[in-house]
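See structure below.
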2 protein chains.
Amino acid sequence: MKLFFPHAFSGLSFKRCLAFLLLTFSALSLSAEDGYRLWLRYDPITDKALQASYRSALNEIVLSTATGAESPTIKAARDELKLGLQGLLGFDVPVALTKNATPTALSAEGFQLISQASKQNGTLAKLTITAKDDVGVLYGAFDLLRRIQTGQPVNKLDVTSQPKIQRRLLNHWDNLNGTIERGYAGNSLWEWFYLPEYRNPRYGDYARACASLGLNGAVLTNVNANALVLTPEYLTKVAALAEEFRPYGIRVYLTARFSAPIELSKLKTADPLDPAVAAWWRNKIDEIYKYIPDFGGFVVKANSEGQPGPQDYGRTHADGANMLADALAPHQGIVMWRAFVYAADNKQDRVKQAYREFMPLDGTFRDNVVIQIKNGPLDFMPREPFSPLFGGMVKTPLAIELQITQEYLGCSTHLAYLGTLWKEVLDADTFAAGPGSTVAHVVDGSLYKQKLSVIAGVANTGTDRDWTGHPLAQANWYAFGRLAWDNTLSAETIAREWTQMTYGTNPATVQTITKILLGSRETVVNYSMPLGLHHIMAEGHHYGPGPWVEHARPDWSSRYYHQADEIGLGANRDATGSNALETYAPPLRELWGNLDTCPENLLLWFHHVPWDHKMKSGRTLWDELCLRYQQGVDEMRVIQRQWDSLAGSIDQERHQHVQALLRRQESDACTWRDACLLYFQQYSKRPLPAGVEPPEHDLNYYKAINLHFVPGHPGDQ
Amino acid sequence: MKLFFPHAFSGLSFKRCLAFLLLTFSALSLSAEDGYRLWLRYDPITDKALQASYRSALNEIVLSTATGAESPTIKAARDELKLGLQGLLGFDVPVALTKNATPTALSAEGFQLISQASKQNGTLAKLTITAKDDVGVLYGAFDLLRRIQTGQPVNKLDVTSQPKIQRRLLNHWDNLNGTIERGYAGNSLWEWFYLPEYRNPRYGDYARACASLGLNGAVLTNVNANALVLTPEYLTKVAALAEEFRPYGIRVYLTARFSAPIELSKLKTADPLDPAVAAWWRNKIDEIYKYIPDFGGFVVKANSEGQPGPQDYGRTHADGANMLADALAPHQGIVMWRAFVYAADNKQDRVKQAYREFMPLDGTFRDNVVIQIKNGPLDFMPREPFSPLFGGMVKTPLAIELQITQEYLGCSTHLAYLGTLWKEVLDADTFAAGPGSTVAHVVDGSLYKQKLSVIAGVANTGTDRDWTGHPLAQANWYAFGRLAWDNTLSAETIAREWTQMTYGTNPATVQTITKILLGSRETVVNYSMPLGLHHIMAEGHHYGPGPWVEHARPDWSSRYYHQADEIGLGANRDATGSNALETYAPPLRELWGNLDTCPENLLLWFHHVPWDHKMKSGRTLWDELCLRYQQGVDEMRVIQRQWDSLAGSIDQERHQHVQALLRRQESDACTWRDACLLYFQQYSKRPLPAGVEPPEHDLNYYKAINLHFVPGHPGDQ
């Protein structure tokens with residue numbers, strides 16, 4: 001990573017050189033504002049006073065570690081500081097490396113930033129980044145740079161920062177053929193065919209971006225797994241990626257296809273209690289660690305949506321997970337066993353099935369097994385209550401799986417800042433051990449004193465130049481990483497931080513973009529699935545409305561979830577219905593079970609509500625529903641006006657890109673509104689209230705919409 | 001396309017600014033040498049004398065057109081000159097626009113560059129770019145910039161340049177789902193789902209790169225066509241692309257699926273003689289021209305490899321082509337009807353089938369039909385004789401279809417500069433109208449005075465950052481464009497030009513890279529299919545050897561082509577065999593029909609040659625074959641040493657990328673050699689001669705190689 005200075009500059013004037021550089025580095029399109037740099041932009045600070053303050057506070061930076069020894073990670077920290085400070089401040093700050101004077105009480109990966117002012121005896125101002133391990137220093141370096149990028153003072157720092165969760169992972173649903181399930185930003189970043197020989201420099205950029213947020217692991221492959229990745233042919237390639245990521249503290253993980261012993265070695269069974277199967281996995285895992293000594297472990301999707309698993313042999317999820325865990329334990333590897341299981345022939349309400357299946361297994365898992373649970377009991381809807389397994393299982397470490405990629409929130413075509421969604425879930429109180437038993441405290445292990453803690457985000461990255469397809473979807477990668485490190489940060493703090501780093505610190509710009517981000521998820525809820533509606537999207541690609549979708553499987557049909565009839569709308573999940581409410585702690589059962597106290601944003605999740613039910617606004621359910629859909633459309637128009645107002649304040653390339661996508665989003669919002677209201681009107685038989693725009697087309701028009709080749713759904717024709 | 005100068009620079013010193021710019025524009029990886037700029041790099045000229053000479057020759061540039069009016073194309077020319085001259089020379093040259101003083105005799109799209117020295121009376125030196133139409137001026141601007149990029153004088157120019165072929169097209173085998181058939185550089189550049197709202201700036205860069213070579217059309221869709229592209233949903237998107245390309249003189253074309261009337265409008269037939277079918281196409285084509293007034297026309301693959309066509313209804317290719325041509329004629333659109341047809345149940349030698357099928361139709365096509373013919377009679381092999389339809393059909397305009405993407409030459413993993421291959425074909429003498437009846441003269445229409453001329457290259461572009469997957473594969477896009485404009489250019493001139501533009505003008509660097517390029521295709525021939533061998537590659541993905549491939553279709557089996565037995569090797573195509581020789585003109589029949597006069601590089605194409613046949617070297621065929629394979633491997637090692645020697649002379653990023661690919665290519669070359677020699681040795685029963693390295697593995701090892709997910713073959717598992 002040596003900087004390449006063409007000697008060509010020697011004889012040129014400043015102005016020419018400037019022009020040349022702009023032209024040269026701006027590539028063909030005369031512009032480089034293509035989003036590739038993410039939030040790691042180190043553009044010069046223009047506020048002279050601020051710049052002077054940084055200059056006087058940063059005569060020297062000291063990196064202090066347990067060993068004081070150089071390493072690739074220390075080099076990465078040095079490189080980053082050099083790159084960042086040269087860019088932001090225009091000068092190099094000397095960086096020294098020392099051994100901690102006293103053993104630090106910091107936890108693994110944590111860091112301290114301590115400023116020391118210059119003294120009259122000539123001692124220069126310095127800033128010390130202290131950590132137990134090298135990666136902590138790297139995190140500290142990124143933290144320092146973030147402070148400067150966001151215009152915060154660094155002359156009186158006395159900060160300790162430690163991750164609340166140990167394993168902070170991206171889950172890539174990347175297939176070996178390069179496609180990404182539910183990926184909306186191009187192909188997989190992993191160029192399997194060219195590995196291990198050619199290593200795209202982007203691998204380093206990926207790892208660096210992750211490290212800047214404190215993420216420390218990447219599950220490279222889709223949960224709908226292909227056993228091939230466990231063969232030597234692919235392990236050599238995985239090892240090459242691990243090598244590229246290692247300096248940045250990113251460990252690799254893989255998904256384990258449960259039937260791999262059959263597929264790769266022609267075993268007759270994959271029964272986890274069969275000694276030959278267990279031996280196969282032991283050997284395979286020993287082999288993996290020969291390729292990748294710091295391999296992190298496996299994510300497993302078993303007995304769900306057609307994936308093989310232990311139940312194929314009459315065994316339990318615990319049998320399957322423990323067999324793998326035993327083989328991984330000698331290497332300190334872990335198993336993340338997914339709780340996203342449901343079956344067509346299960347007559348239980350789908351949102352209860354994982355709870356029913358996993359609760360009885362609580363306490364039967366090995367120490368190095370984590371149950372990985374999607375935030376809600378259904379499937380990454382724009383809004384769900386938290387999964388009742390959080391607070392339900394008390395003896396087992398529970399990982400939360402969040403979906404950064406926007407499967408149900410308009411893919412990378414729609415803007416939806418998910419920091420607000422995730423905070424809603426993390427801050428949700430399960431009441432499992434009394435008030436304050438938040439999902440965050442379950443996941444970070446503090447509530448039940450778990451030794452292992454994991455948070456996983458289904459990545460939204462791909463080969464698109466801007467990494468995430470929608471320029472503003474970068475904020476979701478960022479927000480996930482920041483919350484994984486510290487779940488007490490507010491969605492607003494994170495949004496503002498990201499905006500400042502990505503679009504500069506102009507206060508008006510920052511205010512506008514932050515505001516747009518913060519409201520955007522609720523806007524998506526409003527125009528697609530307001531008041532607790534869920535799973536009424538189009539089939540397969542999940543883009544756009546499909547309240548009419550009927551499938552041979554009732555649990556893949558929209559009616560299963562919206563239950564619209566002439567009486568009303570919504571799923572009855574109180575005691576008179578599926579009683580999914582019973583999976584929650586008593587205070588919530590009571591609160592959510594009562595039509596009057598159930599939060600209106602979850603109303604139709606838990607109740608079948610009469611069309612004329614009076615809402616808090618005084619309006620009927622039908623009128624309220626209509627107006628919420630309209631509100632979603634209206635908000636899209638406000639967002640567009642706000643974004644338009646940024647023209648000239650931010651670069652044209654990203655401005656126009658977002659503008660085009662917002663235009664499409666408004667049009668899609670109208671489609672959602674019109675399609676859903678026309679559909680539900682068949683049952684409500686009530687007119688649209690004043691304030692709701694009449695639909696442009698009839699219901700049949702919307703039902704006939706057949707989008708082709710929606711990204712992220714490769715099978716689509 | 002306004003240049004974005006952040007005001008942040010105002011207070012910064014030159015040095016800081018330089019550092020900042022390098023850092024900022026270099027993106028995350030600390031380097032911008034990712035190949036995105038292609039050959040359109042305008043880095044400053046460091047030779048002071050040269051720079052001074054350009055400065056004194058270019059006080060002003062005058063653009064002179066028939067109308068003297070501004071247009072988007074003139075603006076594109078101005079922008080390019082500004083970008084290029086600022087970058088190369090560090091200053092702005094004033095650009096004036098005038099009306100031609102006298103009507104120019106230039107042909108469409110041609111241009112003149114005329115220098116005028118400064119005079120003692122104070123008249124400044126100027127350079128005039130004269131053209132009939134605006135796009136000629138744009139081509140002239142690119143020509144001028146190329147001269148400066150390659151260090152040529154521009155003070156005494158009196159140059160006229162006119163394209164030899166009218167329609168110079170890229171054929172994109174891009175599917176609507178974003179994959180590319182035989183594409184090895186990522187996904188399709190066309191982001192169908194986001195069009196027409198979002199228009200990736202890369203569309204403009206694509207068109208600009210094409211225009212820099214004089215290409216003037218793009219067939220957007222795969223020849224294995226999807227009728228959906230003809231629906232309004234997609235035509236809106238096609239129109240948006242056409243709009244982005246139009247300033248650069250690039251017209252769009254589409255592929256027409258012959259069964260579209262059935263698929264889109266439920267007609268009962270697609271019979272070209274059915275009036276309802278003809279009416280359907282007339283209406284459809286009228287509709288297309290409402291969206292895209294300058295739509296170019298259709299490429300059609302019919303009755304070949306499963307595609308529908310007129311023969312499904314007992315009609316001829318001419319019936320099908322003429323029906324479409326009649327509907328396109330009022331709009332000046334054309335039909336490019338592909339001659340790549342062959343059938344499993346046809347007992348004729350596959351290399352004779354297109355000839356048999358199309359020769360009788362000569363003279364029956366409408367004026368706006370061109371028959372599009374692959375360069376060879378088989379299928380883009382590393383070496384083939386030219387297709388006998390060139391010189392065979394005399395009353396029909398014939399387009400040549402070249403394959404820029406390296407389906408049979410190692411995809412984008414292997415280096416193979418194709419300028420040499422294409423020149424070999426273009427310069428080949430058909431003897432059809434006596435000596436000098438070259439393929440080039442057939443295609444450019446000069447031999448038989450055709451009114452229409454077309455050249456098509458199957459594109460190697462994709463979303464990879466460097467456009468073509470292999471950094472050196474850009475040279476093939478470049479070479480195709482340059483030859484399309486002027487087929488008299490030598491492969492060496494083009495290679496040198498491209499190298500200078502892409503890697504700078506350092507003579508040693510230029511010499512080394514040019515040399516590597518020029519030999520590279522013959523190296524691929526040597527290690528894969530020497531001495532006229534063909535179609536012995538692996539099945540499906542076509543990457544690597546497969547002389548053992550057996551298919552239910554004999555014409556998809558390797559044996560059909562190599563015919564190895566205990567007597568010898570090679571396809572017998574003289575009068576004692578399939579007599580494919582009879583499709584060539586008498587002088588060639590005689591030359592190639594005689595084992596002693598047949599060029600050795602086509603020997604096994606035309607003859608079944610005994611293992612002990614004495615070659616020109618004095619060696620037996622078997623020994624010669626073995627040594628050719630070895631030679632291919634040896635050459636790969638030489639190429640690697642040559643490339644290694646460039647370390648430090650060119651940027652590290654591209655150097656390492658190519659280095660990694662060359663390492664893989666050498667390893668693949670060994671696999672080709674070992675696999676093929678072990679396979680053929682079963683028949684020759686002779687030992688490997690001295691100088692040939694013994695194979696590392698046995699034949700079964702090579703036969704068992706099963707590559708997964710080879711790019712460009714999406715169905716592969």
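Following the order of the structure tokens, first chain is A, next is B, and so on, with residues numbered from 1 inside each chain and ligands from 1 in the order they appear.
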(message) Give me the residues near Leu138 (chain A) as a PyMOL selection string, where near means some atom within 6 Å (using only C-alpha atoms) and where sequence neighbours in that chain fewer than 3 positions away do not count.
(response) chain A and resi 77+135+141
Selection to disk with C-alpha atoms, as a PDB file, in the first residue's frame:
```pdb
ATOM      1  CA  ALA A  77      -3.309   1.825  12.315  1.00  0.00           C
ATOM      2  CA  VAL A 135      -6.669  -4.274  17.062  1.00  0.00           C
ATOM      3  CA  ALA A 141      -7.077   5.269  15.529  1.00  0.00           C
TER       4      ALA A 141
END
```
(message) If DSSP is run on the backbone, what residues of region 475-604 of chain A are alpha helix (DSSP H)? A reply as a ChimeraX atom specification would be ideal.
(response) /A:475-485,491-503,507-528,559-562,586-593,603-604
(request) Excluding Gly68 (chain A) and any residue of its chain fewer than 3 positions from it, enumerate the residues within 6 Å of it, using only C-alpha atoms, and give them as a PyMOL selection string. (result) chain A and resi 65+98-99
(message) Report, in Å with one decimal, the straight-line distance from CA of Ala278 (chain A) to CA of Asp319 (chain A).
(response) 10.9 Å
(message) Please list as a VMD selection string every residue within 10 Å of region 384-393 of chain A, counting only C-alpha atoms and excluding residues in the same chain fewer than 6 positions away.
(response) chain A and resid 339 351 to 352 354 to 356 358 to 363 371 373 to 378 399 to 400 421 424 to 433 437 to 443 447 to 448 532 to 534 580 to 585 601 to 602 605 to 606
(request) Can you work out which one of B:Ser684, B:Gln86, B:Thr236, B:Gln116 has the shortest atom-to-atom distance to chain A, counting only C-alpha atoms? (result) B:Gln86
(request) May I have the residues within 8 Å of Asn171 (chain B) as a PyMOL selection string, using only C-alpha atoms and disregarding those fewer than 4 positions away in the same chain? (result) chain B and resi 218-222+456-459
Can I get the selected residues back with C-alpha atoms, as a compact mmCIF listing (two decimals), in the first residue's frame?
```txt
# COMPACT_ATOMS: atom_id res chain seq x y z
CA ALA B 218 -24.09 -0.99 -29.60
CA VAL B 219 -26.34 -4.01 -29.77
CA LEU B 220 -27.51 -4.03 -26.18
CA THR B 221 -28.84 -7.55 -25.82
CA ASN B 222 -27.80 -11.15 -26.18
CA ALA B 456 -19.34 -6.44 -35.14
CA GLY B 457 -17.29 -7.33 -32.08
CA VAL B 458 -18.73 -9.39 -29.25
CA ALA B 459 -17.91 -7.12 -26.33
```
(message) Between CA of Tyr527 (chain A) and CA of Gln630 (chain A), what is the distance in Å, rounded to a tenth?
(response)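 Between these atoms lies a distance of 6.9 Å.
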